[in-house]
>>> print(open('data.tsv').read())   # TSV, C-alpha atoms
chain	number	residue	atom	x	y	z
A	1	MET	CA	0.00	0.00	0.00
A	2	LEU	CA	2.73	2.40	1.07
A	3	PHE	CA	4.68	1.33	-1.94
A	4	LEU	CA	1.79	2.13	-4.26
A	5	VAL	CA	1.46	5.61	-2.78
A	6	LEU	CA	5.16	6.17	-3.37
A	7	VAL	CA	4.99	5.00	-6.97
A	8	VAL	CA	2.08	7.34	-7.62
A	9	ALA	CA	3.95	10.21	-5.94
A	10	ILE	CA	7.02	9.64	-8.10
A	11	PHE	CA	4.83	9.54	-11.18
A	12	VAL	CA	3.14	12.82	-10.30
A	13	VAL	CA	6.47	14.52	-9.66
A	14	MET	CA	7.80	13.29	-12.99
A	15	ARG	CA	4.70	14.31	-14.91
A	16	ARG	CA	5.00	17.90	-13.72
A	17	GLY	CA	7.99	18.58	-15.91
A	18	SER	CA	6.28	16.91	-18.81
A	19	ASP	CA	8.94	17.55	-21.45
A	20	PRO	CA	12.34	16.12	-20.58
A	21	HIS	CA	13.89	18.08	-23.45
A	22	GLU	CA	12.90	21.40	-22.01
A	23	ILE	CA	15.54	23.10	-19.90
A	24	PRO	CA	13.90	25.40	-17.33
A	25	SER	CA	15.50	28.81	-17.64
A	26	PRO	CA	17.17	30.27	-14.56
A	27	LEU	CA	16.50	33.74	-16.03
A	28	ILE	CA	12.76	33.94	-15.36
A	29	ASN	CA	11.98	36.93	-13.11
A	30	LYS	CA	15.60	38.06	-13.39
A	31	PRO	CA	16.87	41.15	-15.20
A	32	ALA	CA	17.32	40.46	-18.90
A	33	PRO	CA	21.02	40.18	-19.81
A	34	ALA	CA	22.39	43.40	-21.32
A	35	PHE	CA	22.96	43.58	-25.05
A	36	GLN	CA	23.94	46.19	-27.58
A	37	LEU	CA	23.70	44.91	-31.12
A	38	PRO	CA	23.70	46.42	-34.62
A	39	GLN	CA	20.51	46.48	-36.61
A	40	LEU	CA	20.19	43.88	-39.33
A	41	THR	CA	19.57	46.32	-42.14
A	42	ASP	CA	21.62	49.26	-40.88
A	43	PRO	CA	24.71	48.00	-38.98
A	44	VAL	CA	25.71	51.52	-37.99
A	45	LYS	CA	22.71	51.84	-35.69
A	46	THR	CA	22.57	49.74	-32.57
A	47	ILE	CA	19.85	48.80	-30.12
A	48	SER	CA	20.53	47.98	-26.49
A	49	ALA	CA	18.53	46.52	-23.64
A	50	THR	CA	18.49	49.95	-21.98
A	51	ASP	CA	16.89	51.48	-25.11
A	52	MET	CA	13.95	49.19	-24.46
A	53	ARG	CA	13.39	50.28	-20.85
A	54	GLY	CA	9.84	51.40	-20.23
A	55	LYS	CA	8.43	49.09	-22.87
A	56	VAL	CA	6.94	45.63	-22.65
A	57	TYR	CA	8.32	43.63	-25.55
A	58	VAL	CA	9.01	40.17	-26.90
A	59	LEU	CA	12.62	39.37	-27.69
A	60	ASN	CA	12.56	36.64	-30.31
A	61	PHE	CA	15.75	34.72	-31.14
A	62	TRP	CA	15.74	33.28	-34.63
A	63	GLY	CA	17.91	32.56	-37.64
A	64	SER	CA	17.39	31.98	-41.33
A	65	TRP	CA	19.02	28.56	-40.82
A	66	CYS	CA	16.41	27.51	-38.26
A	67	ILE	CA	13.64	25.30	-39.57
A	68	ALA	CA	11.29	25.78	-36.62
A	69	CYS	CA	11.56	29.58	-37.03
A	70	ARG	CA	10.17	29.25	-40.52
A	71	GLU	CA	7.27	27.33	-39.03
A	72	GLU	CA	6.68	30.02	-36.40
A	73	HIS	CA	7.09	33.00	-38.67
A	74	PRO	CA	3.58	33.29	-40.19
A	75	LEU	CA	2.11	33.38	-36.68
A	76	LEU	CA	4.48	36.16	-35.64
A	77	VAL	CA	3.48	38.17	-38.71
A	78	GLN	CA	-0.17	37.68	-37.78
A	79	TYR	CA	0.34	38.53	-34.07
A	80	SER	CA	2.43	41.61	-34.78
A	81	LYS	CA	-0.66	43.13	-36.42
A	82	GLN	CA	-2.62	42.80	-33.18
A	83	ASN	CA	-0.41	45.48	-31.60
A	84	VAL	CA	-0.28	43.77	-28.22
A	85	VAL	CA	3.50	43.85	-27.84
A	86	PRO	CA	6.29	44.79	-30.23
A	87	PHE	CA	8.57	41.97	-31.38
A	88	ILE	CA	12.28	42.62	-31.37
A	89	GLY	CA	14.01	40.02	-33.49
A	90	VAL	CA	17.51	38.81	-32.68
A	91	ASP	CA	18.93	37.13	-35.75
A	92	TYR	CA	21.90	35.07	-34.65
A	93	LYS	CA	24.52	32.67	-35.79
A	94	TYR	CA	27.59	31.32	-34.05
A	95	ALA	CA	31.09	32.67	-34.49
A	96	ASN	CA	32.41	29.45	-36.00
A	97	ASP	CA	29.89	29.48	-38.83
A	98	ASP	CA	31.19	31.25	-41.93
A	99	SER	CA	27.87	31.68	-43.77
A	100	ASP	CA	26.48	35.10	-44.61
A	101	GLU	CA	23.60	35.08	-42.17
A	102	ARG	CA	22.92	38.80	-42.53
A	103	ALA	CA	22.01	38.45	-46.21
A	104	ALA	CA	20.13	35.21	-45.66
A	105	ALA	CA	18.07	36.78	-42.87
A	106	ARG	CA	17.11	39.76	-45.01
A	107	GLN	CA	16.07	37.38	-47.76
A	108	PHE	CA	14.04	35.40	-45.21
A	109	LEU	CA	12.17	38.53	-44.06
A	110	SER	CA	11.46	39.81	-47.55
A	111	GLU	CA	10.03	36.42	-48.50
A	112	LEU	CA	7.97	35.67	-45.39
A	113	GLY	CA	7.17	39.15	-44.11
A	114	ASN	CA	8.63	41.14	-41.25
A	115	PRO	CA	6.79	40.98	-37.92
A	116	TYR	CA	9.57	42.79	-36.04
A	117	SER	CA	9.57	46.43	-35.04
A	118	GLN	CA	13.37	46.08	-34.94
A	119	VAL	CA	15.74	43.31	-35.96
A	120	ILE	CA	19.21	43.16	-34.49
A	121	TYR	CA	22.07	40.93	-35.49
A	122	ASP	CA	24.07	38.82	-33.05
A	123	HIS	CA	27.03	37.92	-35.25
A	124	ASP	CA	28.79	35.53	-32.87
A	125	GLY	CA	25.87	34.12	-30.89
A	126	SER	CA	27.18	35.57	-27.63
A	127	THR	CA	23.92	37.35	-26.79
A	128	SER	CA	21.97	34.17	-27.52
A	129	ILE	CA	24.21	32.30	-25.07
A	130	ASP	CA	23.76	35.06	-22.47
A	131	TYR	CA	20.03	34.41	-22.78
A	132	GLY	CA	20.55	30.65	-22.47
A	133	VAL	CA	19.10	30.04	-25.92
A	134	TYR	CA	19.58	26.44	-27.01
A	135	GLY	CA	16.76	25.71	-29.44
A	136	ALA	CA	15.70	28.48	-31.78
A	137	PRO	CA	13.22	30.01	-31.91
A	138	GLU	CA	13.07	31.18	-28.33
A	139	SER	CA	11.07	34.15	-27.11
A	140	PHE	CA	11.34	36.22	-23.96
A	141	LEU	CA	8.61	38.51	-22.66
A	142	ILE	CA	10.39	41.41	-20.97
A	143	ASP	CA	8.63	43.97	-18.79
A	144	LYS	CA	9.07	47.74	-18.48
A	145	THR	CA	11.79	47.44	-15.87
A	146	GLY	CA	13.77	45.03	-18.04
A	147	VAL	CA	12.87	41.84	-16.16
A	148	ILE	CA	12.18	38.60	-18.04
A	149	ARG	CA	8.66	37.49	-17.17
A	150	PHE	CA	8.10	34.57	-19.53
A	151	LYS	CA	10.11	32.38	-21.83
A	152	GLN	CA	8.89	30.24	-24.68
A	153	ILE	CA	11.27	27.57	-25.91
A	154	GLY	CA	10.49	26.60	-29.48
A	155	PRO	CA	7.88	28.22	-31.71
A	156	ILE	CA	5.18	30.39	-30.17
A	157	THR	CA	1.93	28.52	-30.69
A	158	GLU	CA	-1.62	29.80	-30.79
A	159	ASP	CA	-2.16	28.45	-27.28
A	160	VAL	CA	0.93	30.07	-25.85
A	161	TRP	CA	0.12	33.38	-27.49
A	162	ASN	CA	-3.53	33.55	-26.43
A	163	LYS	CA	-3.25	32.00	-22.97
A	164	LYS	CA	0.17	33.11	-21.78
A	165	ILE	CA	1.76	35.98	-23.69
A	166	VAL	CA	-1.27	38.18	-24.41
A	167	PRO	CA	-2.75	38.13	-20.86
A	168	LEU	CA	0.66	38.66	-19.27
A	169	ALA	CA	1.61	41.46	-21.69
A	170	ARG	CA	-1.72	43.23	-21.06
A	171	GLN	CA	-1.20	42.95	-17.33
A	172	LEU	CA	2.37	44.25	-17.56
A	173	ASN	CA	1.27	47.15	-19.71
A	174	GLN	CA	-1.24	48.43	-17.18
B	1	MET	CA	3.14	15.52	-30.71
B	2	LYS	CA	4.23	19.12	-31.29
B	3	ARG	CA	7.01	18.69	-28.81
B	4	PHE	CA	8.09	15.56	-30.59
B	5	ALA	CA	8.12	17.45	-33.88
B	6	LEU	CA	10.22	20.16	-32.23
B	7	PHE	CA	12.62	17.55	-30.96
B	8	ILE	CA	12.98	16.11	-34.45
B	9	LEU	CA	13.60	19.60	-35.79
B	10	LEU	CA	16.21	20.28	-33.14
B	11	SER	CA	17.91	17.00	-33.93
B	12	LEU	CA	17.94	17.98	-37.57
B	13	CYS	CA	19.50	21.31	-36.63
B	14	CYS	CA	22.23	19.33	-34.87
B	15	ALA	CA	22.78	17.22	-37.94
B	16	VAL	CA	22.72	20.05	-40.44
B	17	VAL	CA	25.42	22.23	-38.95
B	18	VAL	CA	28.30	19.77	-38.85
B	19	PHE	CA	30.30	21.62	-41.49
B	20	ALA	CA	31.31	24.41	-39.12
B	21	LYS	CA	34.82	24.25	-37.68
B	22	ASP	CA	36.08	24.30	-34.14
B	23	ALA	CA	38.49	27.03	-33.17
B	24	GLN	CA	42.12	25.99	-33.24
B	25	PRO	CA	43.38	24.39	-30.05
B	26	THR	CA	46.02	26.36	-28.21
B	27	GLU	CA	49.63	25.22	-27.91
B	28	ASP	CA	49.59	25.22	-24.13
B	29	PRO	CA	49.00	21.57	-23.13
B	30	LYS	CA	47.88	22.65	-19.66
B	31	ILE	CA	45.01	24.69	-21.07
B	32	GLU	CA	44.05	21.87	-23.43
B	33	ALA	CA	44.05	19.34	-20.60
B	34	ARG	CA	41.79	21.52	-18.48
B	35	PHE	CA	39.62	22.21	-21.51
B	36	LYS	CA	39.24	18.51	-22.24
B	37	ASN	CA	38.50	17.64	-18.65
B	38	LEU	CA	35.92	20.39	-18.28
B	39	THR	CA	34.07	19.82	-21.54
B	40	GLN	CA	33.78	16.12	-20.75
B	41	GLN	CA	32.01	16.97	-17.50
B	42	LEU	CA	29.45	19.23	-19.12
B	43	ARG	CA	26.33	18.35	-21.02
B	44	CYS	CA	25.42	19.92	-24.35
B	45	PRO	CA	22.03	21.66	-23.99
B	46	VAL	CA	20.90	20.79	-27.54
B	47	CYS	CA	21.80	17.18	-28.20
B	48	GLN	CA	20.38	15.09	-25.40
B	49	ASN	CA	23.05	13.42	-23.36
B	50	GLU	CA	26.12	14.26	-25.30
B	51	THR	CA	28.97	15.98	-23.50
B	52	LEU	CA	30.14	19.36	-24.71
B	53	ALA	CA	33.32	17.60	-25.77
B	54	ASP	CA	31.50	15.09	-27.98
B	55	SER	CA	28.68	17.13	-29.46
B	56	ASN	CA	28.73	18.30	-33.05
B	57	ALA	CA	26.00	20.86	-32.45
B	58	GLU	CA	26.75	24.43	-33.38
B	59	LEU	CA	25.88	25.62	-29.90
B	60	ALA	CA	28.31	23.13	-28.37
B	61	ARG	CA	31.11	24.38	-30.63
B	62	GLN	CA	30.38	27.92	-29.59
B	63	MET	CA	30.35	26.94	-25.92
B	64	ARG	CA	33.63	25.07	-26.34
B	65	ASP	CA	35.17	28.21	-27.79
B	66	GLN	CA	33.81	30.22	-24.88
B	67	ILE	CA	35.25	27.74	-22.38
B	68	ARG	CA	38.66	27.75	-24.05
B	69	GLU	CA	38.68	31.55	-24.07
B	70	GLN	CA	37.73	31.70	-20.42
B	71	ILE	CA	40.43	29.20	-19.43
B	72	LYS	CA	42.96	31.33	-21.30
B	73	ALA	CA	41.66	34.37	-19.47
B	74	GLY	CA	42.50	32.61	-16.21
B	75	LYS	CA	38.98	31.75	-15.03
B	76	SER	CA	38.66	28.82	-12.63
B	77	ASP	CA	36.61	25.72	-13.45
B	78	ASP	CA	33.98	26.81	-10.94
B	79	GLU	CA	33.73	30.25	-12.50
B	80	ILE	CA	33.23	28.69	-15.92
B	81	LYS	CA	30.57	26.33	-14.60
B	82	ALA	CA	28.85	29.29	-12.94
B	83	TYR	CA	28.92	31.12	-16.29
B	84	LEU	CA	26.99	28.23	-17.82
B	85	THR	CA	24.55	27.62	-14.96
B	86	GLN	CA	23.60	31.31	-14.82
B	87	ARG	CA	22.41	30.92	-18.41
B	88	TYR	CA	21.27	27.33	-18.70
B	89	GLY	CA	20.49	26.35	-15.12
B	90	ASP	CA	21.87	23.09	-13.73
B	91	PHE	CA	21.22	21.25	-16.98
B	92	PRO	CA	24.80	21.33	-18.32
B	93	LEU	CA	26.09	19.81	-15.08
B	94	TYR	CA	26.13	16.04	-15.14
B	95	LYS	CA	26.57	16.16	-11.39
B	96	PRO	CA	23.84	18.47	-10.11
B	97	PRO	CA	24.45	20.35	-6.85
B	98	VAL	CA	22.75	19.20	-3.65
B	99	LYS	CA	19.96	21.70	-2.95
B	100	PRO	CA	16.26	21.47	-1.99
B	101	MET	CA	15.25	21.05	-5.64
B	102	THR	CA	17.53	18.04	-6.05
B	103	TYR	CA	17.09	16.39	-2.64
B	104	PHE	CA	14.81	13.80	-4.16
B	105	LEU	CA	17.34	13.06	-6.87
B	106	TRP	CA	20.19	12.63	-4.42
B	107	PHE	CA	18.42	10.94	-1.51
B	108	GLY	CA	15.45	9.37	-3.30
B	109	PRO	CA	17.25	6.07	-4.05
B	110	PHE	CA	18.22	5.63	-0.39
B	111	LEU	CA	14.69	6.45	0.66
B	112	LEU	CA	13.40	3.84	-1.78
B	113	LEU	CA	15.89	1.31	-0.40
B	114	ILE	CA	14.73	1.89	3.17
B	115	VAL	CA	11.05	1.78	2.23
B	116	GLY	CA	11.62	-1.33	0.11
B	117	THR	CA	13.40	-3.13	2.93
B	118	ALA	CA	10.65	-2.20	5.36
B	119	VAL	CA	7.97	-3.44	2.97
B	120	LEU	CA	9.86	-6.72	2.50
B	121	PHE	CA	10.12	-7.29	6.26
B	122	ILE	CA	6.47	-6.54	6.86
B	123	PHE	CA	5.52	-8.86	4.00
B	124	LEU	CA	7.69	-11.71	5.29
B	125	ARG	CA	6.38	-11.35	8.82
B	126	ARG	CA	2.77	-11.38	7.67
B	127	ARG	CA	3.38	-14.43	5.54
B	128	ARG	CA	4.90	-16.26	8.46
B	129	GLU	CA	1.89	-15.36	10.58
B	130	MET	CA	-0.47	-16.64	7.91
B	131	ILE	CA	0.91	-20.18	8.11
B	132	PRO	CA	-0.63	-21.64	11.27
B	133	GLU	CA	1.54	-23.90	13.37
B	134	ARG	CA	-0.23	-27.18	14.05
B	135	PRO	CA	1.24	-30.31	15.66
B	136	LEU	CA	1.15	-33.46	13.53
B	137	THR	CA	-1.62	-35.96	14.10
B	138	ALA	CA	-0.70	-39.52	15.10
B	139	ASP	CA	-1.37	-40.68	11.52
B	140	GLU	CA	0.86	-38.06	10.00
B	141	ARG	CA	3.60	-38.87	12.46
B	142	LYS	CA	3.50	-42.50	11.41
B	143	GLN	CA	3.63	-41.52	7.72
B	144	ALA	CA	6.58	-39.23	8.30
B	145	ALA	CA	8.43	-41.95	10.15
B	146	GLU	CA	7.87	-44.36	7.28
B	147	ILE	CA	9.18	-41.88	4.74
B	148	LEU	CA	12.24	-41.23	6.85
B	149	ARG	CA	12.91	-44.94	7.17
B	150	SER	CA	12.68	-45.55	3.42
B	151	VAL	CA	15.24	-42.86	2.60
>>> encode(input="data.tsv", output="structure tokens")
Amino acid sequence: MLFLVLVVAIFVVMRRGSDPHEIPSPLINKPAPAFQLPQLTDPVKTISATDMRGKVYVLNFWGSWCIACREEHPLLVQYSKQNVVPFIGVDYKYANDDSDERAAARQFLSELGNPYSQVIYDHDGSTSIDYGVYGAPESFLIDKTGVIRFKQIGPITEDVWNKKIVPLARQLNQ
Amino acid sequence: MKRFALFILLSLCCAVVVFAKDAQPTEDPKIEARFKNLTQQLRCPVCQNETLADSNAELARQMRDQIREQIKAGKSDDEIKAYLTQRYGDFPLYKPPVKPMTYFLWFGPFLLLIVGTAVLFIFLRRRREMIPERPLTADERKQAAEILRSV
């Protein structure tokens, strides 16, 4: 009997973290790591985390090389029109990759539409590592004081958008 | 299902990026030894259960470069591990720290052992109690004696 209770307890504990591939981020409710990155289209201009103070926004890490980002993209285009939160795109690639990501990313946006109010370019992936990104796309909802309030690993889905991001963004914007 | 699809996609990402190169190793054998030791103790966040040393994933390459740079800059192993855990949580550590979140992980097996032993004892005792002790009847005694004689 006792044994049964224990087995059930273990099961419940294991079910709570239902996806073993998901790494819980230690950054939730912590200040978003600082960044200052050049814009994708105009490298002379930069955007930093401090520029975004006072705004609630979604920081979306993506890359033209990322298949799941392509899957997510039409939804982002659709949601950006709802004017709930601005999307800041961080296009990234790692330092040891020689491809011309900048050009590929511009091509990607002109083909599939641009949901981002700003797109910045992380040329060596260091900002993506600061944010603990491991599976693009990843999105962070950041509040007015620059604190990360929510993180979505993998594509934003309709469920996540309607049930998590929109209510939280509305609440943070009040 | 969606999560499974995502996993497949992530695995594909791992497979697709193998053409990228690792940064050149340094000449200093001491740095390389520490580098090798450290990357073998750390888990790649993308490819499930590969060490940072073994993984071909782009992210793992980048993290290896970071680790090598930080060793060169004189950071200690603990500082480098802290750099990773601040960003990725305890996941990259194959040996998670003992803290309230991981008590079950660390002490759970011993708890199970104790509970299991207790259950076994209780079970054995009950079973013994269930078999009533009854002296043999005169008939049975005779039978037993015959059997013993014939052996």
>>> closest_residue(input="data.tsv", among="B:Glu58, B:Asp77, B:Glu50, B:Glu140", to="chain A", atoms="only C-alpha atoms")
B:Glu58
>>> residues_around(input="data.tsv", residues="Asn83 of chain A", least_positions_apart="6", cutoff="12 Å", atoms="all atoms listed in the file", output="list in words")
Val56, Tyr57, Val58, Leu76, Val77, Pro115, Tyr116, Ser117, Val166, Ala169 and Arg170 of chain A
>>> interface_residues(input="data.tsv", of="chain A", to="chain B", cutoff="6 Å", atoms="all atoms listed in the file", output="ChimeraX atom specification")
/A:26,96-97,130,132,134
>>> residues_around(input="data.tsv", residues="Gly63 of chain A", least_positions_apart="4", cutoff="12 Å", atoms="all atoms listed in the file", output="PyMOL selection string")
(chain A and resi 40+67-73+89-94+99-109+119-123+125+128+135-138) or (chain B and resi 13)
>>> axis_aligned_box(input="data.tsv", around="segment 112-127 of chain A", padding_each_side="5 Å", output="lines of an AutoDock Vina configuration file")
center_x = 17.8
center_y = 40.3
center_z = -36.1
size_x = 32.0
size_y = 22.3
size_z = 28.6
>>> atom_distance(input="data.tsv", atom1="atom CA of Gln171 of chain A", atom2="atom CA of Pro155 of chain A")
22.5 Å
>>> decode(input="data.tsv", residues="segment 84-165 of chain A", atoms="C-alpha atoms", output="mmCIF file, in the first residue's frame")
data_model
loop_
_atom_site.group_PDB
_atom_site.id
_atom_site.type_symbol
_atom_site.label_atom_id
_atom_site.label_comp_id
_atom_site.auth_asym_id
_atom_site.auth_seq_id
_atom_site.Cartn_x
_atom_site.Cartn_y
_atom_site.Cartn_z
ATOM 1 C CA VAL A 84 -0.283 43.769 -28.215
ATOM 2 C CA VAL A 85 3.503 43.850 -27.842
ATOM 3 C CA PRO A 86 6.295 44.791 -30.227
ATOM 4 C CA PHE A 87 8.572 41.969 -31.376
ATOM 5 C CA ILE A 88 12.277 42.617 -31.367
ATOM 6 C CA GLY A 89 14.008 40.015 -33.493
ATOM 7 C CA VAL A 90 17.506 38.809 -32.680
ATOM 8 C CA ASP A 91 18.934 37.132 -35.750
ATOM 9 C CA TYR A 92 21.897 35.068 -34.649
ATOM 10 C CA LYS A 93 24.522 32.672 -35.789
ATOM 11 C CA TYR A 94 27.586 31.318 -34.052
ATOM 12 C CA ALA A 95 31.090 32.671 -34.492
ATOM 13 C CA ASN A 96 32.413 29.449 -35.995
ATOM 14 C CA ASP A 97 29.886 29.477 -38.828
ATOM 15 C CA ASP A 98 31.186 31.252 -41.934
ATOM 16 C CA SER A 99 27.873 31.680 -43.770
ATOM 17 C CA ASP A 100 26.483 35.105 -44.609
ATOM 18 C CA GLU A 101 23.604 35.080 -42.171
ATOM 19 C CA ARG A 102 22.917 38.796 -42.530
ATOM 20 C CA ALA A 103 22.009 38.448 -46.212
ATOM 21 C CA ALA A 104 20.126 35.209 -45.656
ATOM 22 C CA ALA A 105 18.067 36.777 -42.866
ATOM 23 C CA ARG A 106 17.108 39.764 -45.013
ATOM 24 C CA GLN A 107 16.069 37.378 -47.757
ATOM 25 C CA PHE A 108 14.036 35.401 -45.207
ATOM 26 C CA LEU A 109 12.167 38.531 -44.060
ATOM 27 C CA SER A 110 11.460 39.811 -47.551
ATOM 28 C CA GLU A 111 10.031 36.422 -48.497
ATOM 29 C CA LEU A 112 7.973 35.667 -45.391
ATOM 30 C CA GLY A 113 7.169 39.152 -44.113
ATOM 31 C CA ASN A 114 8.632 41.143 -41.253
ATOM 32 C CA PRO A 115 6.795 40.982 -37.915
ATOM 33 C CA TYR A 116 9.567 42.786 -36.042
ATOM 34 C CA SER A 117 9.570 46.427 -35.038
ATOM 35 C CA GLN A 118 13.370 46.084 -34.938
ATOM 36 C CA VAL A 119 15.738 43.313 -35.955
ATOM 37 C CA ILE A 120 19.214 43.165 -34.491
ATOM 38 C CA TYR A 121 22.068 40.927 -35.490
ATOM 39 C CA ASP A 122 24.071 38.821 -33.048
ATOM 40 C CA HIS A 123 27.030 37.922 -35.251
ATOM 41 C CA ASP A 124 28.789 35.532 -32.874
ATOM 42 C CA GLY A 125 25.871 34.118 -30.889
ATOM 43 C CA SER A 126 27.178 35.572 -27.634
ATOM 44 C CA THR A 127 23.923 37.345 -26.785
ATOM 45 C CA SER A 128 21.972 34.173 -27.518
ATOM 46 C CA ILE A 129 24.207 32.297 -25.075
ATOM 47 C CA ASP A 130 23.756 35.064 -22.475
ATOM 48 C CA TYR A 131 20.029 34.406 -22.780
ATOM 49 C CA GLY A 132 20.546 30.645 -22.474
ATOM 50 C CA VAL A 133 19.100 30.037 -25.922
ATOM 51 C CA TYR A 134 19.577 26.438 -27.012
ATOM 52 C CA GLY A 135 16.764 25.713 -29.438
ATOM 53 C CA ALA A 136 15.703 28.484 -31.777
ATOM 54 C CA PRO A 137 13.220 30.007 -31.908
ATOM 55 C CA GLU A 138 13.070 31.185 -28.325
ATOM 56 C CA SER A 139 11.068 34.148 -27.113
ATOM 57 C CA PHE A 140 11.338 36.221 -23.956
ATOM 58 C CA LEU A 141 8.611 38.514 -22.662
ATOM 59 C CA ILE A 142 10.388 41.406 -20.972
ATOM 60 C CA ASP A 143 8.626 43.970 -18.787
ATOM 61 C CA LYS A 144 9.073 47.744 -18.477
ATOM 62 C CA THR A 145 11.792 47.435 -15.866
ATOM 63 C CA GLY A 146 13.766 45.030 -18.042
ATOM 64 C CA VAL A 147 12.870 41.838 -16.157
ATOM 65 C CA ILE A 148 12.185 38.602 -18.041
ATOM 66 C CA ARG A 149 8.665 37.491 -17.175
ATOM 67 C CA PHE A 150 8.100 34.567 -19.528
ATOM 68 C CA LYS A 151 10.109 32.381 -21.829
ATOM 69 C CA GLN A 152 8.887 30.242 -24.683
ATOM 70 C CA ILE A 153 11.268 27.568 -25.912
ATOM 71 C CA GLY A 154 10.492 26.596 -29.477
ATOM 72 C CA PRO A 155 7.882 28.215 -31.707
ATOM 73 C CA ILE A 156 5.180 30.387 -30.175
ATOM 74 C CA THR A 157 1.935 28.518 -30.687
ATOM 75 C CA GLU A 158 -1.617 29.803 -30.787
ATOM 76 C CA ASP A 159 -2.159 28.448 -27.281
ATOM 77 C CA VAL A 160 0.934 30.075 -25.849
ATOM 78 C CA TRP A 161 0.122 33.379 -27.494
ATOM 79 C CA ASN A 162 -3.527 33.547 -26.426
ATOM 80 C CA LYS A 163 -3.247 31.999 -22.971
ATOM 81 C CA LYS A 164 0.174 33.114 -21.780
ATOM 82 C CA ILE A 165 1.756 35.978 -23.688
#
